[in-house]
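Structure data follow from structure39.tsv (TSV, N, CA and C atoms):
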chain	number	residue	atom	x	y	z
R	1	LEU	N	34.58	-31.56	-1.40
R	1	LEU	CA	35.46	-32.39	-2.20
R	1	LEU	C	34.82	-32.81	-3.51
R	2	TRP	N	33.53	-33.14	-3.45
R	2	TRP	CA	32.86	-33.61	-4.66
R	2	TRP	C	32.83	-32.51	-5.71
R	3	GLY	N	32.47	-31.29	-5.31
R	3	GLY	CA	32.42	-30.17	-6.24
R	3	GLY	C	33.76	-29.87	-6.84
R	4	GLU	N	34.81	-29.97	-6.03
R	4	GLU	CA	36.16	-29.72	-6.53
R	4	GLU	C	36.56	-30.79	-7.55
R	5	ALA	N	36.23	-32.05	-7.27
R	5	ALA	CA	36.59	-33.15	-8.17
R	5	ALA	C	35.83	-33.07	-9.49
R	6	SER	N	34.65	-32.47	-9.48
R	6	SER	CA	33.86	-32.40	-10.71
R	6	SER	C	34.38	-31.35	-11.68
R	7	GLY	N	35.25	-30.47	-11.21
R	7	GLY	CA	35.82	-29.45	-12.09
R	7	GLY	C	34.77	-28.51	-12.65
R	8	GLY	N	33.68	-28.29	-11.93
R	8	GLY	CA	32.64	-27.39	-12.41
R	8	GLY	C	31.63	-28.03	-13.34
R	9	ARG	N	31.83	-29.29	-13.71
R	9	ARG	CA	30.87	-29.98	-14.59
R	9	ARG	C	29.61	-30.29	-13.80
R	10	ARG	N	28.47	-30.25	-14.47
R	10	ARG	CA	27.20	-30.55	-13.81
R	10	ARG	C	26.64	-31.86	-14.35
R	11	VAL	N	25.98	-32.61	-13.49
R	11	VAL	CA	25.33	-33.84	-13.90
R	11	VAL	C	24.02	-33.48	-14.58
R	12	ARG	N	23.79	-34.07	-15.75
R	12	ARG	CA	22.56	-33.82	-16.49
R	12	ARG	C	21.79	-35.13	-16.62
R	13	SER	N	20.49	-35.05	-16.54
R	13	SER	CA	19.68	-36.26	-16.63
R	13	SER	C	18.91	-36.33	-17.95
R	14	ARG	N	19.37	-35.61	-18.93
R	14	ARG	CA	18.72	-35.59	-20.24
R	14	ARG	C	19.15	-36.83	-21.04
R	15	LEU	N	18.18	-37.56	-21.57
R	15	LEU	CA	18.50	-38.74	-22.38
R	15	LEU	C	18.94	-38.30	-23.77
R	16	VAL	N	19.90	-39.01	-24.31
R	16	VAL	CA	20.43	-38.70	-25.63
R	16	VAL	C	19.86	-39.64	-26.68
R	17	LEU	N	19.71	-40.92	-26.32
R	17	LEU	CA	19.24	-41.93	-27.25
R	17	LEU	C	17.72	-41.92	-27.31
R	18	ASP	N	17.17	-42.36	-28.45
R	18	ASP	CA	15.73	-42.38	-28.67
R	18	ASP	C	15.16	-43.73	-28.24
R	19	PRO	N	14.35	-43.79	-27.17
R	19	PRO	CA	13.83	-45.08	-26.71
R	19	PRO	C	12.73	-45.67	-27.57
R	20	VAL	N	12.24	-44.92	-28.56
R	20	VAL	CA	11.18	-45.42	-29.43
R	20	VAL	C	11.75	-46.52	-30.32
R	21	PRO	N	11.07	-47.66	-30.43
R	21	PRO	CA	11.58	-48.73	-31.30
R	21	PRO	C	11.81	-48.24	-32.73
R	22	ILE	N	12.85	-48.76	-33.33
R	22	ILE	CA	13.16	-48.40	-34.71
R	22	ILE	C	12.29	-49.28	-35.61
R	23	GLU	N	11.16	-48.76	-36.02
R	23	GLU	CA	10.20	-49.55	-36.80
R	23	GLU	C	10.68	-49.79	-38.22
R	24	SER	N	11.48	-48.88	-38.76
R	24	SER	CA	11.91	-49.01	-40.15
R	24	SER	C	13.03	-50.03	-40.32
R	25	LEU	N	13.67	-50.45	-39.23
R	25	LEU	CA	14.76	-51.40	-39.32
R	25	LEU	C	14.41	-52.67	-38.56
R	26	ALA	N	14.52	-53.80	-39.24
R	26	ALA	CA	14.33	-55.07	-38.55
R	26	ALA	C	15.57	-55.32	-37.70
R	27	PRO	N	15.38	-55.89	-36.52
R	27	PRO	CA	16.56	-56.17	-35.69
R	27	PRO	C	17.48	-57.17	-36.38
R	28	VAL	N	18.78	-56.96	-36.25
R	28	VAL	CA	19.75	-57.90	-36.81
R	28	VAL	C	19.98	-59.06	-35.85
R	29	ALA	N	19.60	-58.88	-34.60
R	29	ALA	CA	19.70	-59.95	-33.61
R	29	ALA	C	18.73	-59.66	-32.48
R	30	THR	N	18.14	-60.72	-31.95
R	30	THR	CA	17.27	-60.62	-30.78
R	30	THR	C	17.62	-61.79	-29.87
R	31	GLU	N	17.82	-61.51	-28.60
R	31	GLU	CA	18.20	-62.54	-27.64
R	31	GLU	C	17.38	-62.38	-26.37
R	32	LYS	N	17.13	-63.49	-25.71
R	32	LYS	CA	16.58	-63.46	-24.36
R	32	LYS	C	17.76	-63.42	-23.41
R	33	TRP	N	17.58	-62.73	-22.29
R	33	TRP	CA	18.66	-62.60	-21.31
R	33	TRP	C	18.08	-62.81	-19.94
R	34	ALA	N	18.72	-63.64	-19.17
R	34	ALA	CA	18.24	-63.93	-17.81
R	34	ALA	C	19.29	-63.45	-16.81
R	35	PRO	N	19.14	-62.22	-16.30
R	35	PRO	CA	20.08	-61.77	-15.27
R	35	PRO	C	20.02	-62.70	-14.07
R	36	ARG	N	21.18	-62.96	-13.50
R	36	ARG	CA	21.27	-63.82	-12.33
R	36	ARG	C	20.99	-62.99	-11.07
R	37	LEU	N	20.63	-63.63	-9.99
R	37	LEU	CA	20.37	-62.92	-8.75
R	37	LEU	C	21.58	-62.10	-8.32
R	38	ARG	N	22.78	-62.62	-8.54
R	38	ARG	CA	23.99	-61.89	-8.15
R	38	ARG	C	24.25	-60.66	-9.02
R	39	ASP	N	23.48	-60.49	-10.11
R	39	ASP	CA	23.60	-59.30	-10.96
R	39	ASP	C	22.90	-58.09	-10.37
R	40	PHE	N	22.25	-58.27	-9.21
R	40	PHE	CA	21.49	-57.20	-8.56
R	40	PHE	C	22.12	-56.88	-7.21
R	41	ASP	N	22.04	-55.61	-6.81
R	41	ASP	CA	22.54	-55.23	-5.50
R	41	ASP	C	21.47	-55.48	-4.44
R	42	ALA	N	21.78	-55.11	-3.20
R	42	ALA	CA	20.86	-55.37	-2.08
R	42	ALA	C	19.53	-54.64	-2.23
R	43	LEU	N	19.51	-53.55	-3.03
R	43	LEU	CA	18.27	-52.80	-3.25
R	43	LEU	C	17.51	-53.27	-4.49
R	44	GLY	N	18.04	-54.30	-5.16
R	44	GLY	CA	17.37	-54.82	-6.36
R	44	GLY	C	17.72	-54.08	-7.63
R	45	HIS	N	18.77	-53.25	-7.61
R	45	HIS	CA	19.20	-52.54	-8.82
R	45	HIS	C	20.13	-53.42	-9.64
R	46	LEU	N	19.92	-53.43	-10.94
R	46	LEU	CA	20.79	-54.19	-11.83
R	46	LEU	C	22.18	-53.56	-11.83
R	47	ASN	N	23.19	-54.39	-11.63
R	47	ASN	CA	24.57	-53.94	-11.62
R	47	ASN	C	24.96	-53.50	-13.03
R	48	ASN	N	25.63	-52.34	-13.15
R	48	ASN	CA	26.05	-51.85	-14.46
R	48	ASN	C	26.95	-52.84	-15.20
R	49	ALA	N	27.83	-53.50	-14.47
R	49	ALA	CA	28.73	-54.47	-15.11
R	49	ALA	C	27.94	-55.61	-15.74
R	50	ALA	N	26.87	-56.03	-15.08
R	50	ALA	CA	26.03	-57.09	-15.64
R	50	ALA	C	25.34	-56.61	-16.90
R	51	ALA	N	24.84	-55.39	-16.90
R	51	ALA	CA	24.18	-54.84	-18.09
R	51	ALA	C	25.14	-54.75	-19.27
R	52	TRP	N	26.39	-54.40	-19.00
R	52	TRP	CA	27.38	-54.28	-20.08
R	52	TRP	C	27.73	-55.63	-20.70
R	53	GLU	N	27.35	-56.75	-20.06
R	53	GLU	CA	27.58	-58.07	-20.66
R	53	GLU	C	26.88	-58.17	-22.02
R	54	ILE	N	25.77	-57.48	-22.19
R	54	ILE	CA	25.06	-57.48	-23.47
R	54	ILE	C	25.94	-56.87	-24.54
R	55	VAL	N	26.58	-55.75	-24.23
R	55	VAL	CA	27.48	-55.11	-25.19
R	55	VAL	C	28.65	-56.03	-25.51
R	56	GLU	N	29.19	-56.69	-24.49
R	56	GLU	CA	30.30	-57.60	-24.72
R	56	GLU	C	29.91	-58.73	-25.67
R	57	GLU	N	28.67	-59.22	-25.55
R	57	GLU	CA	28.19	-60.26	-26.47
R	57	GLU	C	28.18	-59.75	-27.91
R	58	ARG	N	27.75	-58.51	-28.11
R	58	ARG	CA	27.72	-57.93	-29.46
R	58	ARG	C	29.12	-57.67	-29.98
R	59	LEU	N	30.04	-57.29	-29.10
R	59	LEU	CA	31.41	-57.04	-29.55
R	59	LEU	C	32.10	-58.31	-30.00
R	60	ALA	N	31.61	-59.46	-29.56
R	60	ALA	CA	32.14	-60.73	-30.07
R	60	ALA	C	31.81	-60.88	-31.55
R	61	VAL	N	30.68	-60.29	-31.97
R	61	VAL	CA	30.24	-60.33	-33.37
R	61	VAL	C	30.79	-59.13	-34.14
R	62	ARG	N	30.71	-57.96	-33.56
R	62	ARG	CA	31.16	-56.71	-34.20
R	62	ARG	C	32.57	-56.35	-33.74
R	63	ARG	N	33.54	-57.12	-34.19
R	63	ARG	CA	34.92	-56.90	-33.79
R	63	ARG	C	35.43	-55.52	-34.21
R	64	ASP	N	34.82	-54.94	-35.25
R	64	ASP	CA	35.24	-53.62	-35.73
R	64	ASP	C	34.90	-52.52	-34.73
R	65	LEU	N	34.01	-52.79	-33.78
R	65	LEU	CA	33.62	-51.78	-32.80
R	65	LEU	C	34.40	-51.91	-31.49
R	66	ARG	N	35.40	-52.75	-31.47
R	66	ARG	CA	36.24	-52.88	-30.27
R	66	ARG	C	37.29	-51.78	-30.27
R	67	GLY	N	37.77	-51.48	-29.12
R	67	GLY	CA	38.89	-50.56	-29.00
R	67	GLY	C	38.53	-49.11	-29.23
R	68	GLY	N	38.66	-48.64	-30.45
R	68	GLY	CA	38.50	-47.22	-30.75
R	68	GLY	C	37.07	-46.77	-30.93
R	69	ALA	N	36.12	-47.53	-30.45
R	69	ALA	CA	34.71	-47.17	-30.64
R	69	ALA	C	34.21	-46.29	-29.50
R	70	ARG	N	33.03	-45.70	-29.71
R	70	ARG	CA	32.34	-44.93	-28.67
R	70	ARG	C	31.13	-45.73	-28.23
R	71	TYR	N	30.80	-45.64	-26.94
R	71	TYR	CA	29.68	-46.35	-26.38
R	71	TYR	C	28.85	-45.40	-25.53
R	72	VAL	N	27.54	-45.56	-25.57
R	72	VAL	CA	26.63	-44.79	-24.73
R	72	VAL	C	25.65	-45.78	-24.11
R	73	VAL	N	25.37	-45.63	-22.82
R	73	VAL	CA	24.34	-46.43	-22.16
R	73	VAL	C	23.40	-45.47	-21.45
R	74	GLU	N	22.11	-45.77	-21.56
R	74	GLU	CA	21.11	-44.97	-20.86
R	74	GLU	C	20.14	-45.91	-20.15
R	75	HIS	N	19.89	-45.61	-18.90
R	75	HIS	CA	18.94	-46.36	-18.09
R	75	HIS	C	17.61	-45.63	-18.15
R	76	ILE	N	16.64	-46.22	-18.85
R	76	ILE	CA	15.32	-45.62	-19.01
R	76	ILE	C	14.44	-46.00	-17.81
R	77	GLY	N	14.56	-47.24	-17.38
R	77	GLY	CA	13.77	-47.73	-16.26
R	77	GLY	C	14.47	-48.92	-15.64
R	78	PRO	N	13.98	-49.41	-14.52
R	78	PRO	CA	14.66	-50.50	-13.82
R	78	PRO	C	14.44	-51.86	-14.48
R	79	VAL	N	15.42	-52.72	-14.32
R	79	VAL	CA	15.28	-54.14	-14.61
R	79	VAL	C	15.24	-54.82	-13.25
R	80	GLU	N	14.15	-55.52	-12.98
R	80	GLU	CA	13.92	-56.11	-11.66
R	80	GLU	C	14.27	-57.61	-11.69
R	81	PRO	N	14.70	-58.14	-10.57
R	81	PRO	CA	14.96	-59.59	-10.51
R	81	PRO	C	13.72	-60.39	-10.92
R	82	GLY	N	13.93	-61.42	-11.72
R	82	GLY	CA	12.84	-62.30	-12.14
R	82	GLY	C	12.10	-61.86	-13.39
R	83	GLU	N	12.36	-60.66	-13.91
R	83	GLU	CA	11.67	-60.21	-15.12
R	83	GLU	C	12.23	-60.91	-16.35
R	84	GLN	N	11.38	-61.10	-17.35
R	84	GLN	CA	11.78	-61.69	-18.62
R	84	GLN	C	12.38	-60.60	-19.50
R	85	VAL	N	13.66	-60.67	-19.75
R	85	VAL	CA	14.40	-59.63	-20.46
R	85	VAL	C	14.71	-60.09	-21.87
R	86	THR	N	14.49	-59.19	-22.84
R	86	THR	CA	14.85	-59.43	-24.24
R	86	THR	C	15.64	-58.23	-24.72
R	87	TRP	N	16.71	-58.47	-25.48
R	87	TRP	CA	17.41	-57.36	-26.09
R	87	TRP	C	17.48	-57.57	-27.60
R	88	SER	N	17.39	-56.45	-28.32
R	88	SER	CA	17.45	-56.52	-29.78
R	88	SER	C	18.45	-55.49	-30.28
R	89	VAL	N	19.10	-55.84	-31.38
R	89	VAL	CA	20.12	-55.00	-31.98
R	89	VAL	C	19.59	-54.44	-33.28
R	90	HIS	N	19.76	-53.14	-33.46
R	90	HIS	CA	19.38	-52.46	-34.69
R	90	HIS	C	20.62	-51.79	-35.25
R	91	ALA	N	20.98	-52.12	-36.49
R	91	ALA	CA	22.17	-51.55	-37.11
R	91	ALA	C	21.79	-50.45	-38.08
R	92	THR	N	22.54	-49.38	-38.04
R	92	THR	CA	22.35	-48.28	-39.00
R	92	THR	C	23.73	-47.88	-39.51
R	93	GLY	N	24.18	-48.54	-40.55
R	93	GLY	CA	25.50	-48.25	-41.10
R	93	GLY	C	26.59	-48.82	-40.21
R	94	ASP	N	27.48	-47.94	-39.76
R	94	ASP	CA	28.61	-48.38	-38.95
R	94	ASP	C	28.30	-48.49	-37.46
R	95	ASP	N	27.11	-48.08	-37.05
R	95	ASP	CA	26.80	-48.13	-35.63
R	95	ASP	C	25.64	-49.09	-35.36
R	96	GLU	N	25.48	-49.40	-34.08
R	96	GLU	CA	24.39	-50.27	-33.65
R	96	GLU	C	23.78	-49.71	-32.38
R	97	SER	N	22.48	-49.95	-32.23
R	97	SER	CA	21.83	-49.63	-30.97
R	97	SER	C	21.20	-50.91	-30.44
R	98	ILE	N	21.23	-51.04	-29.14
R	98	ILE	CA	20.67	-52.21	-28.47
R	98	ILE	C	19.59	-51.72	-27.53
R	99	ARG	N	18.42	-52.31	-27.65
R	99	ARG	CA	17.31	-51.97	-26.77
R	99	ARG	C	17.02	-53.17	-25.88
R	100	VAL	N	17.05	-52.94	-24.58
R	100	VAL	CA	16.76	-53.99	-23.60
R	100	VAL	C	15.33	-53.75	-23.13
R	101	ARG	N	14.49	-54.77	-23.31
R	101	ARG	CA	13.06	-54.61	-23.05
R	101	ARG	C	12.56	-55.61	-22.02
R	102	ILE	N	11.53	-55.16	-21.33
R	102	ILE	CA	10.69	-56.03	-20.52
R	102	ILE	C	9.33	-55.93	-21.22
R	103	GLY	N	8.92	-56.98	-21.90
R	103	GLY	CA	7.72	-56.89	-22.74
R	103	GLY	C	8.01	-55.90	-23.86
R	104	ASP	N	7.14	-54.91	-24.03
R	104	ASP	CA	7.34	-53.88	-25.05
R	104	ASP	C	8.02	-52.63	-24.51
R	105	GLU	N	8.31	-52.61	-23.22
R	105	GLU	CA	8.86	-51.41	-22.59
R	105	GLU	C	10.40	-51.42	-22.60
R	106	VAL	N	10.99	-50.39	-23.18
R	106	VAL	CA	12.44	-50.25	-23.21
R	106	VAL	C	12.92	-49.81	-21.83
R	107	ARG	N	13.87	-50.55	-21.27
R	107	ARG	CA	14.41	-50.22	-19.94
R	107	ARG	C	15.85	-49.72	-20.01
R	108	LEU	N	16.62	-50.26	-20.96
R	108	LEU	CA	18.02	-49.86	-21.14
R	108	LEU	C	18.29	-49.70	-22.62
R	109	MET	N	19.17	-48.77	-22.94
R	109	MET	CA	19.59	-48.62	-24.34
R	109	MET	C	21.09	-48.45	-24.38
R	110	PHE	N	21.69	-49.09	-25.36
R	110	PHE	CA	23.11	-48.95	-25.63
R	110	PHE	C	23.27	-48.46	-27.06
R	111	TRP	N	24.31	-47.71	-27.30
R	111	TRP	CA	24.69	-47.32	-28.66
R	111	TRP	C	26.18	-47.58	-28.78
R	112	MET	N	26.58	-48.16	-29.92
R	112	MET	CA	27.98	-48.40	-30.21
R	112	MET	C	28.28	-47.87	-31.60
R	113	GLY	N	29.36	-47.14	-31.73
R	113	GLY	CA	29.72	-46.61	-33.03
R	113	GLY	C	31.19	-46.28	-33.11
R	114	PRO	N	31.65	-45.95	-34.31
R	114	PRO	CA	33.07	-45.63	-34.46
R	114	PRO	C	33.45	-44.37	-33.69
R	115	ALA	N	34.69	-44.31	-33.29
R	115	ALA	CA	35.18	-43.14	-32.57
R	115	ALA	C	35.18	-41.93	-33.48
R	116	LEU	N	35.02	-40.77	-32.88
R	116	LEU	CA	35.09	-39.52	-33.64
R	116	LEU	C	36.53	-39.28	-34.08
R	117	ALA	N	36.68	-38.75	-35.26
R	117	ALA	CA	38.04	-38.47	-35.76
R	117	ALA	C	38.62	-37.25	-35.09
Final C-alpha cells representation of the file:
Amino acid sequence: LWGEASGGRRVRSRLVLDPVPIESLAPVATEKWAPRLRDFDALGHLNNAAAWEIVEERLAVRRDLRGGARYVVEHIGPVEPGEQVTWSVHATGDDESIRVRIGDEVRLMFWMGPALA
C-alpha cells in the first residue's frame, strides 16, 4: 500500500538548505525559545507542529510571506528537552532563513520565500 500511495516517488535525505551560518548578513531578529515538555513525544523528539511555531512568529512580522509563499524545513539534528534554544532570522531580499541553534550548532533550518510564478 505504501509503495502504491507514493506513486513511484522516492524519499531522499539530501539537505537543500545550507546549515553554515550566514556570516555576511547580520540577523534581523534573534530570539530565545523554550520548548515546553508537551512539545516532545514519548521518545523525546520535538513535535513538528511545535517547531513550526517559530515560522508562525515570523509570519506575524512578514505578512507578505503568508498564503502564497513557499516554505522549507530541514531537521539537521535533534532538539532535546531542556536544551537552551535560540533562533535567528537572516533576510536576503524577499526571502528569509531561520536557523534554530543549540549553542553554535544548527539543529533546524527554515526557509520562507515568495511562491514560484
Self-check item: Nearest to Ser13 of chain R, chosen from R:Gln84, R:Leu59, R:Trp111, R:Glu74, with only C-alpha atoms counted in the distances
Solution: R:Glu74
Exercise. One decimal, Å: what's the distance from atom CA of Asn48 of chain R over to atom CA of Ala26 of chain R, could you say?
Key: 27.0 Å
Quiz item: atom C of Gly82 of chain R and atom N of Leu43 of chain R, how far apart in Å?
Solution: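 Going from atom N of Leu43 of chain R over to atom C of Gly82 of chain R covers 15.2 Å.
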Practice problem: From chain R, collect each residue whose DSSP state is strand (DSSP E) and return the set as an MDAnalysis selection string. | Solution: chainID R and resid 29:33 69:75 85:92 95:102 105:114
Quiz item: Could you state the separation of atom CA of Ala42 of chain R and atom CA of Pro81 of chain R in Å, given to one decimal place?
Solution: 11.1 Å
Quiz item: Taking into account only C-alpha atoms, which residue in the set R:Val61, R:Ala69, R:Ala51, R:Val106 is nearest to Leu17 of chain R?
Solution: R:Val106
Could you name the residues that touch Arg38 of chain R at 10 Å or less, counting only C-alpha atoms, but leaving out those on the same chain fewer than 5 positions away, as a short mmCIF file (atom, residue, chain, number, x, y, z; two decimals) with N, CA and C atoms, in the coordinates of the input?
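Done, and the output landed in result-v5.cif:
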data_model
loop_
_atom_site.label_atom_id
_atom_site.label_comp_id
_atom_site.auth_asym_id
_atom_site.auth_seq_id
_atom_site.Cartn_x
_atom_site.Cartn_y
_atom_site.Cartn_z
N GLY R 44 18.04 -54.30 -5.16
CA GLY R 44 17.37 -54.82 -6.36
C GLY R 44 17.72 -54.08 -7.63
N LEU R 46 19.92 -53.43 -10.94
CA LEU R 46 20.79 -54.19 -11.83
C LEU R 46 22.18 -53.56 -11.83
N ASN R 47 23.19 -54.39 -11.63
CA ASN R 47 24.57 -53.94 -11.62
C ASN R 47 24.96 -53.50 -13.03
N ALA R 50 26.87 -56.03 -15.08
CA ALA R 50 26.03 -57.09 -15.64
C ALA R 50 25.34 -56.61 -16.90
N PRO R 81 14.70 -58.14 -10.57
CA PRO R 81 14.96 -59.59 -10.51
C PRO R 81 13.72 -60.39 -10.92
#
Please, what is the axis-aligned box for every listed atom of segment 25-32 of chain R with 5 Å on each side, as centre and edge lengths in Å to one decimal, as lines of an AutoDock Vina configuration file?
center_x = 16.8
center_y = -57.0
center_z = -31.4
size_x = 16.3
size_y = 23.0
size_z = 25.9
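All residues of protein, DNA or RNA that reach within 6 Å of Glu31 of chain R, judged by all atoms listed in the file and not counting those fewer than 6 positions away in the chain, are R:Val85, R:Thr86, R:Trp87, R:Ser88.
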Exercise. Identify all residues of chain R in helix (DSSP H, G or I) (DSSP on the backbone) and supply them as an NGL selection string.
Key: :R and (2-6 or 37-39 or 48-61 or 63-65)
Exercise. Would you mind telling me which residue in R:Pro27, R:Asp104, R:Met112, R:Arg62 lies nearest to His90 of chain R when using only N, CA and C atoms?
Key: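 Selected residue with least distance to His90 of chain R: R:Pro27.
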Practice problem: Select, from R:Glu80, R:Ala91, R:Pro114, R:His75, the residue with the minimum atom-to-atom distance to Arg14 of chain R, counting only C-alpha atoms. | Solution: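 Residue with the minimum atom-to-atom distance to Arg14 of chain R: R:His75.
Each of R:Ile102, R:Asp94, R:Lys32, R:Phe40 was checked against Leu65 of chain R using only C-alpha atoms; the smallest atom-to-atom distance is that of R:Asp94.
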